[in-house]
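*Asks:* Just dropping this structure here.
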2 protein chains.
Amino acid sequence: MSTLMNYTPDNLWQIEQKDFDQKFLGKTESIMALGNGYLGTRSAEEESYIGEHRDTFVAGTFNNFDENEVTELPNVPDMWAMELVFNGKTMSLTEGAVKAYSKRLNLKNGELTREFVWEYQTLKLKFVFRRFVSKARRHLLMSLLTLTNLSDESVKVELKSGINGQFSNEGSQHFTDGEKGLMDGKFIQMMPVTTHSHIQFVQTVEHKISLEKVKERPETERRAFFMNYAFELNAQAEVSIEKRGSIYTSIDNDVKNHELKALRETAVDELRKLDVLSFEQLLAESATAWQQIWEKHPIEIQSENFKDQLAIRFAKYHLHSMTPAHDERMNIGAKGLSGEGYKGHTFWDTEVFMLPYFNFTHPDIAKNLVTYRYLGLDGAHKKAAANGYTGAQYPWEAAWPTDGEVTPVWGAADIVTGQATKIWSGFIEQHITSDVAFGVKQYIDVTGDYEFESEKGYEILIDTAKFWASRLEYNDSTGKYEIRDVIGPDEYKEHINNNSYTNYTAHWNVSYVIELIDELRMRQPEVYGRLNQKFNLTDLSNDLRNKVNRIFLPAATVEGIIPQDDSYLSKKIIDLRPYKEADGVDSLFHKFNLEQVNQMQITKQADVLLLMLLFEDLFDREQKLKNFDYYEPKTTHDSSLSLSTHAILSADLGKLDKSYDFFNQAINIDMGEYMKSSDAGIHAASLGGIWQMIVFGYGGVRMVNSKLRIEPHLPKEWSHLTYGFDYQGESVAVEIDKEHLKLTKLDNGHPLVFLHEGIEYTLKNTLTI
Amino acid sequence: MSTLMNYTPDNLWQIEQKDFDQKFLGKTESIMALGNGYLGTRSAEEESYIGEHRDTFVAGTFNNFDENEVTELPNVPDMWAMELVFNGKTMSLTEGAVKAYSKRLNLKNGELTREFVWEYQTLKLKFVFRRFVSKARRHLLMSLLTLTNLSDESVKVELKSGINGQFSNEGSQHFTDGEKGLMDGKFIQMMPVTTHSHIQFVQTVEHKISLEKVKERPETERRAFFMNYAFELNAQAEVSIEKRGSIYTSIDNDVKNHELKALRETAVDELRKLDVLSFEQLLAESATAWQQIWEKHPIEIQSENFKDQLAIRFAKYHLHSMTPAHDERMNIGAKGLSGEGYKGHTFWDTEVFMLPYFNFTHPDIAKNLVTYRYLGLDGAHKKAAANGYTGAQYPWEAAWPTDGEVTPVWGAADIVTGQATKIWSGFIEQHITSDVAFGVKQYIDVTGDYEFESEKGYEILIDTAKFWASRLEYNDSTGKYEIRDVIGPDEYKEHINNNSYTNYTAHWNVSYVIELIDELRMRQPEVYGRLNQKFNLTDLSNDLRNKVNRIFLPAATVEGIIPQDDSYLSKKIIDLRPYKEADGVDSLFHKFNLEQVNQMQITKQADVLLLMLLFEDLFDREQKLKNFDYYEPKTTHDSSLSLSTHAILSADLGKLDKSYDFFNQAINIDMGEYMKSSDAGIHAASLGGIWQMIVFGYGGVRMVNSKLRIEPHLPKEWSHLTYGFDYQGESVAVEIDKEHLKLTKLDNGHPLVFLHEGIEYTLKNTLTI
């Protein structure tokens, strides 16, 4: 199979596929997805293939198909497809001969290129397709085909291209088939509206063909509007076909008038205005916007393996393609905007895996992400109330902030019974609430955004602690408060009691808020007064205080193992190696069903170990080593959230070879040669994980107990690492080699204090350790 | 292009395609569609191709996507598809070499066969796919693949097959994703429900594979449930893979308990019970049911062109595949159950084109079809009331009887303005109301079903006349009642006044009901009393009588031409020949828009000429000849309803060569070599037209003024014709050659009176003229 990905040390800004294979369409659709945070789109080919997933999403435009389905990001009518017919034969790479194929994404400027020579009978044509989603103009999508007739005969070319809304989310259609029209005789417009959330879309497309004598004919189908073009392409001649498009919606926060007529005019006006700018000029403009991202804290890795450098660019490219930096009412989906997987929903992935990147490099974007959780308080109150609790219980899966819980209730079929399995996460995977609180605290610690803290942060922290106080269950026989019937980070264990991760993080949430209330009362009486009106802080504080010391925190066994939950350690142990070596994440489930896996010491992803990473001061090194050695062999790493945690923790523990091994697996979750893993979209958490492995794991940056620590340890394959970060308004550049750690910041009178191997350092301008 | 259809005099029960071409998938999907009146399904290939339309419909299960769309027949989750992978390569005929390809439909037993040898690299496999929809068990779908490994190496086979509901009606999804399950470990069940009409479906599929050592694994996706099978197929070995399925719904009239649980059990019980019957046995059972249709009034044609015989079998096969003979709440769609075109809706096509076939050959089915119109009275009252009229105004397009008008309001884009064009038919194509009345009258005349007449027929006839009385517009200046702002049968003329077809047929409706009321009052006082309560017959009769003689009936011009409408004859005349010669029906509209065509003497289909055919005694031969010569050259025959009318009328007029020319064009609308005409489904009216051309046109059968007439005239290519018909309870066999007309019926004491060349004959047993 020669369809594997192609990476080269000659171009560390490029990911490439050198051969086309219809079996693996999903791979490059996802990992070469384009986006600007406002919209994202899978890089499906212009021509159609069986198995393609032709998805475009606009962040935040959630809708549900009917009352039996949860809200999800609707697949917007497609604007990229082109049907190309040459002398009556439809171009398809499954027929004829394909030569010099290359599909590649330029991470630096976000340009997708696909080029090849296609030969079929007497036809010989060269195609160069180029595309980008503008990072400078959020609504704009651009595509350019340069087509060369390499044969000695003129070819009759027919092109059908426009906007096609006959697609859906795997059969669920989210749009009412709205108005369609042709403005100025050239701007195709379709105006679909989401069926329940009633979000008005305006999609506009225009074509520019570089030839005279092109016959054109508009054609509508149900939910679709096309232009048909026909022309002769002379022997050895070239033609360029440009397709420009835009998407506007009635929830856009950069448009004032959301009336349909005004939106239509805004869209057409923009394209009219851009008429003077060429594809190249618009691409350059977008590249400039990307350049600003690349110039912010660039990471340079000198490694024996050139893919390490590529991986961090890949990660940052996608993080900025998928993150709705423009609108605080939106957050990052578990698959970003690159696939229908997880329906565009936001999980704890944001707080634990992506937020740290933004905290330390783009605090403005991080602020939007935590503000989203503030806007989600209403939904969290509703969820708590529905479950008989008080305070803010965050939804396991979140969509539009006020949607509340949107985890689907039914999942795939059980392979033993054939019946749909119930998805319990929305009901009992409750650690999300302390994760959100933890994320808010981290954001404030890293950025020093005390305005956010005061206006929104305190409220989230207090409201989540209040939830936990109502959630705790008193056990008469032990005199402890327990948290029973939950799912922890390890989703292979359902309905377990006292998951360590859940109990410890809930305990942190409660105990932190006890301190916080005291602090506020003493030092910020005004803020205290305001919050007191909302929460009755004295009573709340008493309640928290009454419970905090009796929260059951599972203690280590005599062997030093923190039990994942009450029953885990008594379960059967099996050898997981055969399943870990198999391709794909579900080989284990080809043999066992979830109930069976529930009865074994099999862990999907870092659970106790994640706790030890996030709250590192609660456990000593010895304990961490023992637990690492115990849990890792029982962990399938079936979640993309697992490997980076293991890489960082093992780096912390000095197991650098092991760590680098995890690093290599982790960077290959999407970029790697396994061609099916990204079908449903790229793994957003794993991208945040790539940055964390480098900056937290090897760069050694960490917030511990609200204090910055920098303790690098490079793997032996790396000779040099440069990175940077923002910390409480200061911008720090870091250079590391095997011997030295050098830090640089502007000498602006704001010295920066950090810990390094137990010693407190103060950075004024430059410091080398 | 070697993808044309293959017909052979050696098998006049077979239609065949000898080459596969992905460009023309729609052709055989439609013309080889399977069905039994309860359900119909396009014959899309098992493996998937770009451009396929994988449709299955269950008659009567209408639903609308949202309030902006009209009800349509939902595309039911697919049960035929199979993904076949050999040594990791997905089978597709677009790749590798395909040999000995044949896709063929056996019209006699309804069996579809597709066979070929596929070679790809070292693979060499023979496929024989067979399918049928049981005519004996309405819920049952059967499929059988016999796969032979022709190579000398064992092949690893993977099969993914089940039920897939990710399809839609061109993007409009009609189903809620319901329960899914696996019963007895082998019956896959999916339970989708229509979103607004709330019709519960139960779809069940089971697989039987003739090998031991088959690995199996169930897999659910959103809206889908599959089984994955994997096995080795030895060199030169054969395996058979049978897929049995059934569809039940909560509106089934052969099932008592429509509760979901009961439906599921009914479905599984049936498959369990059928376990003892092989594919061949179930096929034989279905063939027996088909045989009963073939034995009812068989038509034998001795012609120079063997396709003539094939055509009538093709027509009858499809008429019985698409007609919901089992349920009077349903009628025939304009594309039967063979495509999404016209949304499964019923038009005047039923009364004018298909009903005559059933009247004369299956009066029981005909009774259902007219009863459907009786059930539709409610909807017709609503439509009349909504438009400010009284009585029954039948919907131009009809779905579930109580749905009322379901013509979509917006159609394809205007090629000049690019805006969607308004579809006016639902508002102003009003002749449907007199067509329905005419159909009822014909049904009663032919079948002598006086019970229906008394219980339902009178009501439809009176209610439609009542509508016309309210619809007529008095013109002060002429003193006439006019019918302004309508569309006649020629849909290229919108908003015209006094369309002759409309005015004459309305006049017939009104004047017939005046007589009828008189008759009832005098001869059936009881019936009169009952109807009088509903209609106030004295007042109605007075109103009708007051208007009938002043209804404006456009008179012939000095040249003898009956004007199609008030303005037609003053419009521009263009030479239509270039457009008539082009492939496809819309070449005219690539040049002109509807508004421009409106301004020219261009007629889509028989309009005045259809009037002259249906009401032949209103016009003399001379008039008919003049009008035929005037209108035919101006007629594009863009409607499939046009050619058969012209064929019959020209046969009546003695233009037999011309008639046979129309006949040949008409039988080729679907069966012919133009590969795109049937994409949206076969043309139901044209199939009824094929029977009419033979039995009415050449066999010379006709009801004129409630009297049976038989006046055959064979085209010179035909030497002999045998057919039969039912007439008022009598079954008549007819043999015709160039010299003689021979009629035979059972000598049962019920002599049959008919006209032949102006002379009244009485048939007791046998009669030769």
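Order determines the names: the first chain of the structure tokens is A, the second B, and so forth; residues in each chain are numbered 1 upward, and ligands are numbered 1 upward as they are shown.
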Pick out the residues sitting within 9 Å of Leu611 in chain A, and hand them over as a PyMOL selection string; count only C-alpha atoms, and ignore anything fewer than 5 positions along from it in its own chain.
*Replies:* chain A and resi 500-502+504-505+606+616
*Asks:* Atoms to include: all heavy atoms. Write the selected residues as an mmCIF file, in the first residue's frame.
*Replies:*
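The result, stored in result_35.cif:
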data_model
loop_
_atom_site.group_PDB
_atom_site.id
_atom_site.type_symbol
_atom_site.label_atom_id
_atom_site.label_comp_id
_atom_site.auth_asym_id
_atom_site.auth_seq_id
_atom_site.Cartn_x
_atom_site.Cartn_y
_atom_site.Cartn_z
ATOM 1 N N SER A 500 -10.961 7.839 42.037
ATOM 2 C CA SER A 500 -9.987 8.733 42.676
ATOM 3 C C SER A 500 -9.913 10.097 42.006
ATOM 4 O O SER A 500 -9.896 11.134 42.661
ATOM 5 C CB SER A 500 -8.591 8.092 42.672
ATOM 6 O OG SER A 500 -8.527 7.126 43.685
ATOM 7 N N TYR A 501 -9.860 10.079 40.681
ATOM 8 C CA TYR A 501 -9.758 11.347 39.965
ATOM 9 C C TYR A 501 -10.926 12.259 40.338
ATOM 10 O O TYR A 501 -10.747 13.444 40.642
ATOM 11 C CB TYR A 501 -9.727 11.107 38.452
ATOM 12 C CG TYR A 501 -9.577 12.381 37.669
ATOM 13 C CD1 TYR A 501 -8.328 12.854 37.302
ATOM 14 C CD2 TYR A 501 -10.696 13.146 37.319
ATOM 15 C CE1 TYR A 501 -8.190 14.045 36.599
ATOM 16 C CE2 TYR A 501 -10.572 14.331 36.623
ATOM 17 C CZ TYR A 501 -9.312 14.779 36.259
ATOM 18 O OH TYR A 501 -9.172 15.961 35.574
ATOM 19 N N THR A 502 -12.121 11.689 40.331
ATOM 20 C CA THR A 502 -13.318 12.476 40.624
ATOM 21 C C THR A 502 -13.291 12.979 42.067
ATOM 22 O O THR A 502 -13.512 14.175 42.341
ATOM 23 C CB THR A 502 -14.584 11.630 40.384
ATOM 24 O OG1 THR A 502 -14.515 11.074 39.072
ATOM 25 C CG2 THR A 502 -15.852 12.464 40.526
ATOM 26 N N TYR A 504 -10.763 13.284 44.273
ATOM 27 C CA TYR A 504 -9.678 14.218 44.575
ATOM 28 C C TYR A 504 -9.938 15.589 43.964
ATOM 29 O O TYR A 504 -9.687 16.619 44.593
ATOM 30 C CB TYR A 504 -8.333 13.676 44.083
ATOM 31 C CG TYR A 504 -7.663 12.703 45.033
ATOM 32 C CD1 TYR A 504 -7.913 11.339 44.970
ATOM 33 C CD2 TYR A 504 -6.748 13.163 46.003
ATOM 34 C CE1 TYR A 504 -7.287 10.441 45.828
ATOM 35 C CE2 TYR A 504 -6.114 12.274 46.871
ATOM 36 C CZ TYR A 504 -6.386 10.907 46.785
ATOM 37 O OH TYR A 504 -5.759 10.044 47.631
ATOM 38 N N THR A 505 -10.407 15.601 42.706
ATOM 39 C CA THR A 505 -10.610 16.915 42.068
ATOM 40 C C THR A 505 -11.808 17.633 42.682
ATOM 41 O O THR A 505 -11.789 18.860 42.825
ATOM 42 C CB THR A 505 -10.772 16.785 40.542
ATOM 43 O OG1 THR A 505 -11.901 15.940 40.259
ATOM 44 C CG2 THR A 505 -9.534 16.197 39.893
ATOM 45 N N ALA A 606 -5.262 7.554 30.792
ATOM 46 C CA ALA A 606 -4.754 8.035 32.070
ATOM 47 C C ALA A 606 -5.900 8.441 32.983
ATOM 48 O O ALA A 606 -6.731 9.254 32.609
ATOM 49 C CB ALA A 606 -3.841 9.239 31.841
ATOM 50 N N GLU A 616 0.226 17.460 41.031
ATOM 51 C CA GLU A 616 1.465 16.740 41.279
ATOM 52 C C GLU A 616 1.953 16.859 42.714
ATOM 53 O O GLU A 616 2.631 15.975 43.215
ATOM 54 C CB GLU A 616 2.561 17.171 40.304
ATOM 55 C CG GLU A 616 2.926 18.631 40.351
ATOM 56 C CD GLU A 616 4.220 18.868 39.578
ATOM 57 O OE1 GLU A 616 4.105 19.079 38.365
ATOM 58 O OE2 GLU A 616 5.309 18.827 40.170
#
*Asks:* What's the 6 Å shell around range 45-51 of chain B, counting only C-alpha atoms, without same-chain residues fewer than 6 positions away, as a short mmCIF file (atom, residue, chain, number, x, y, z; two decimals) with all heavy atoms, in the first residue's frame?
*Replies:*
data_model
loop_
_atom_site.label_atom_id
_atom_site.label_comp_id
_atom_site.auth_asym_id
_atom_site.auth_seq_id
_atom_site.Cartn_x
_atom_site.Cartn_y
_atom_site.Cartn_z
N TRP B 80 -30.58 -3.29 0.36
CA TRP B 80 -29.96 -4.09 -0.72
C TRP B 80 -28.44 -3.97 -0.74
O TRP B 80 -27.77 -4.88 -1.23
CB TRP B 80 -30.48 -3.61 -2.08
CG TRP B 80 -31.94 -3.73 -2.30
CD1 TRP B 80 -32.84 -2.69 -2.38
CD2 TRP B 80 -32.72 -4.92 -2.48
NE1 TRP B 80 -34.10 -3.17 -2.60
CE2 TRP B 80 -34.06 -4.54 -2.68
CE3 TRP B 80 -32.40 -6.28 -2.50
CZ2 TRP B 80 -35.09 -5.45 -2.89
CZ3 TRP B 80 -33.43 -7.19 -2.72
CH2 TRP B 80 -34.76 -6.79 -2.90
N ALA B 81 -27.90 -2.87 -0.29
CA ALA B 81 -26.47 -2.62 -0.49
C ALA B 81 -25.61 -3.67 0.20
O ALA B 81 -25.96 -4.19 1.27
CB ALA B 81 -26.11 -1.23 0.03
N MET B 82 -24.50 -3.99 -0.43
CA MET B 82 -23.49 -4.88 0.15
C MET B 82 -22.14 -4.30 -0.22
O MET B 82 -21.89 -4.02 -1.39
CB MET B 82 -23.56 -6.28 -0.48
CG MET B 82 -24.79 -7.07 -0.15
SD MET B 82 -24.59 -8.76 -0.82
CE MET B 82 -26.16 -9.46 -0.33
N GLU B 83 -21.30 -4.14 0.79
CA GLU B 83 -19.93 -3.77 0.48
C GLU B 83 -19.10 -5.04 0.50
O GLU B 83 -19.05 -5.75 1.51
CB GLU B 83 -19.41 -2.77 1.51
CG GLU B 83 -18.07 -2.19 1.09
CD GLU B 83 -17.43 -1.33 2.17
OE1 GLU B 83 -18.12 -0.96 3.13
OE2 GLU B 83 -16.23 -1.05 2.04
#
*Asks:* At a cut-off of 8 Å, using only C-alpha atoms, what residues contact Gly178 in chain A? Leave out same-chain residues fewer than 4 positions from it and give the result as a ChimeraX atom specification.
*Replies:* /A:190-193,223
*Asks:* If you keep N, CA, C and O atoms, can you produce a file of those selected residues as an mmCIF file, in the first residue's frame?
*Replies:*
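What follows is the written file selection.cif:
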data_model
loop_
_atom_site.group_PDB
_atom_site.id
_atom_site.type_symbol
_atom_site.label_atom_id
_atom_site.label_comp_id
_atom_site.auth_asym_id
_atom_site.auth_seq_id
_atom_site.Cartn_x
_atom_site.Cartn_y
_atom_site.Cartn_z
ATOM 1 N N MET A 190 -27.540 30.579 -1.775
ATOM 2 C CA MET A 190 -28.495 29.674 -1.132
ATOM 3 C C MET A 190 -28.667 30.136 0.306
ATOM 4 O O MET A 190 -27.708 30.529 0.956
ATOM 5 N N MET A 191 -29.869 30.065 0.803
ATOM 6 C CA MET A 191 -30.200 30.617 2.112
ATOM 7 C C MET A 191 -30.856 29.582 3.025
ATOM 8 O O MET A 191 -31.992 29.733 3.448
ATOM 9 N N PRO A 192 -30.140 28.509 3.342
ATOM 10 C CA PRO A 192 -30.729 27.508 4.235
ATOM 11 C C PRO A 192 -30.857 28.052 5.659
ATOM 12 O O PRO A 192 -30.129 28.955 6.061
ATOM 13 N N VAL A 193 -31.793 27.501 6.389
ATOM 14 C CA VAL A 193 -32.039 27.891 7.787
ATOM 15 C C VAL A 193 -32.041 26.616 8.619
ATOM 16 O O VAL A 193 -32.628 25.610 8.207
ATOM 17 N N ARG A 223 -32.470 21.616 -2.987
ATOM 18 C CA ARG A 223 -31.391 21.933 -2.046
ATOM 19 C C ARG A 223 -30.046 22.213 -2.737
ATOM 20 O O ARG A 223 -28.991 22.061 -2.131
#
*Asks:* Per residue of chain B within 8 Å of chain A, note the shortest atom pair and the distance in Å to one decimal, counting only C-alpha atoms, and order the rows by chain and increasing residue number, as a tab-separated table.
*Replies:*
residue	atom	partner	partner_atom	distance
B:Ser48	CA	A:Ile50	CA	6.7
B:Tyr49	CA	A:Ile50	CA	6.3
B:Ile50	CA	A:Ile50	CA	6.2
B:Asp66	CA	A:Thr176	CA	7.2
B:Asn68	CA	A:Thr176	CA	7.5
B:Thr94	CA	A:Glu95	CA	6.4
B:Glu95	CA	A:Glu95	CA	6.4
B:Gly165	CA	A:Gly171	CA	6.7
B:Gln166	CA	A:Gly171	CA	3.9
B:Phe167	CA	A:Gly171	CA	5.7
B:Ser168	CA	A:Gly171	CA	6.5
B:Glu170	CA	A:Gln166	CA	5.3
B:Gly171	CA	A:Gln166	CA	3.9
B:Ser172	CA	A:Gln173	CA	6.3
B:Gln173	CA	A:Gln173	CA	5.8
B:Thr176	CA	A:Asp66	CA	7.2
B:Asp177	CA	A:Asn68	CA	7.9
B:Glu179	CA	A:Ala420	CA	8.0
B:Lys180	CA	A:Gln419	CA	6.6
B:Gly181	CA	A:Gln419	CA	4.7
B:Leu182	CA	A:Gly418	CA	4.7
B:Met183	CA	A:Gly418	CA	7.8
B:Gly185	CA	A:Gly418	CA	7.2
B:Arg217	CA	A:Ile415	CA	6.8
B:Pro218	CA	A:Ile415	CA	5.8
B:Glu219	CA	A:Ala413	CA	6.3
B:Thr220	CA	A:Ala412	CA	5.2
B:Glu221	CA	A:Ala412	CA	6.5
B:Arg222	CA	A:Glu170	CA	6.6
B:Arg223	CA	A:Gly171	CA	7.1
B:Ala412	CA	A:Thr220	CA	5.2
B:Ala413	CA	A:Thr220	CA	5.4
B:Ile415	CA	A:Pro218	CA	5.9
B:Thr417	CA	A:Leu182	CA	7.0
B:Gly418	CA	A:Leu182	CA	4.7
B:Gln419	CA	A:Gly181	CA	4.8
B:Ala420	CA	A:Lys180	CA	6.8
B:His590	CA	A:Arg217	CA	7.5
*Asks:* Got a sec: who's within 9 Å of Ile682 in chain A, counting only C-alpha atoms, leaving out chain neighbours fewer than 2 positions off, as a PyMOL selection string?
*Replies:* chain A and resi 27+30-31+33+318+334-339+341+669-670+677-680+684+686-687
*Asks:* From a DSSP pass on the backbone, collect the residues of range 421-490 of chain B flagged as strand (DSSP E or B) and hand them back as a list of chain:residue names.
*Replies:*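 Put together, the selection reads B:Thr421, B:Lys422, B:Glu473, B:Tyr474, B:Asn475, B:Lys480, B:Tyr481, B:Glu482, B:Val486.
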*Asks:* Could you take the residues named above and write them with N, CA, C and O atoms, as a tab-separated table (two decimals), in the first residue's frame?
*Replies:*
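selection.tsv written:
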chain	number	residue	atom	x	y	z
B	421	THR	N	-38.72	29.37	-9.97
B	421	THR	CA	-39.99	29.70	-10.62
B	421	THR	C	-41.13	29.14	-9.79
B	421	THR	O	-41.02	28.07	-9.20
B	422	LYS	N	-42.20	29.88	-9.79
B	422	LYS	CA	-43.37	29.42	-9.04
B	422	LYS	C	-44.06	28.33	-9.86
B	422	LYS	O	-44.24	28.46	-11.06
B	473	GLU	N	-66.88	32.09	-14.17
B	473	GLU	CA	-66.86	33.56	-14.03
B	473	GLU	C	-67.72	34.18	-15.13
B	473	GLU	O	-67.48	33.93	-16.31
B	474	TYR	N	-68.67	34.95	-14.73
B	474	TYR	CA	-69.57	35.54	-15.72
B	474	TYR	C	-68.92	36.74	-16.39
B	474	TYR	O	-68.36	37.61	-15.73
B	475	ASN	N	-68.95	36.72	-17.70
B	475	ASN	CA	-68.41	37.85	-18.47
B	475	ASN	C	-69.58	38.70	-18.95
B	475	ASN	O	-70.35	38.29	-19.82
B	480	LYS	N	-71.32	35.25	-21.21
B	480	LYS	CA	-70.88	33.86	-21.10
B	480	LYS	C	-70.21	33.60	-19.76
B	480	LYS	O	-69.64	34.50	-19.16
B	481	TYR	N	-70.24	32.36	-19.35
B	481	TYR	CA	-69.45	31.93	-18.20
B	481	TYR	C	-68.09	31.46	-18.70
B	481	TYR	O	-68.01	30.57	-19.55
B	482	GLU	N	-67.08	32.06	-18.15
B	482	GLU	CA	-65.73	31.74	-18.60
B	482	GLU	C	-64.93	31.09	-17.47
B	482	GLU	O	-65.34	31.13	-16.31
B	486	VAL	N	-56.08	29.97	-16.00
B	486	VAL	CA	-55.82	28.55	-15.72
B	486	VAL	C	-54.59	28.06	-16.49
B	486	VAL	O	-54.01	28.79	-17.30
*Asks:* Near Glu72 in chain A, within 9 Å and counting only C-alpha atoms, which residues show up once chain neighbours fewer than 4 positions away are dropped, as a PyMOL selection string?
*Replies:* chain A and resi 61-65+169+340+342-345+399+406
*Asks:* What is the distance between CA of Arg545 in chain B and CA of Asp463 in chain B, in Å to one decimal?
*Replies:* 15.1 Å
*Asks:* Using only C-alpha atoms, which of the listed residues (B:Val527, B:Val436, B:Leu540, B:Leu233) sits closest to Lys466 in chain B?
*Replies:*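 Among the listed residues, B:Leu540 lies closest to Lys466 in chain B.
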*Asks:* In Å, rounded to a single decimal, give me how far CA of Asp737 in chain B is from CA of Leu714 in chain B.
*Replies:* 7.6 Å
*Asks:* Which residues are near Trp294 in chain A? Cut-off 9 Å, only C-alpha atoms, ignore same chain within fewer than 2 positions. Put them as a list in words.
*Replies:*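 Those residues are Lys108, Trp290, Gln291, Gln292, Lys296, His297, Pro298, Ile299, Arg313, Lys316 and Tyr317 of chain A.
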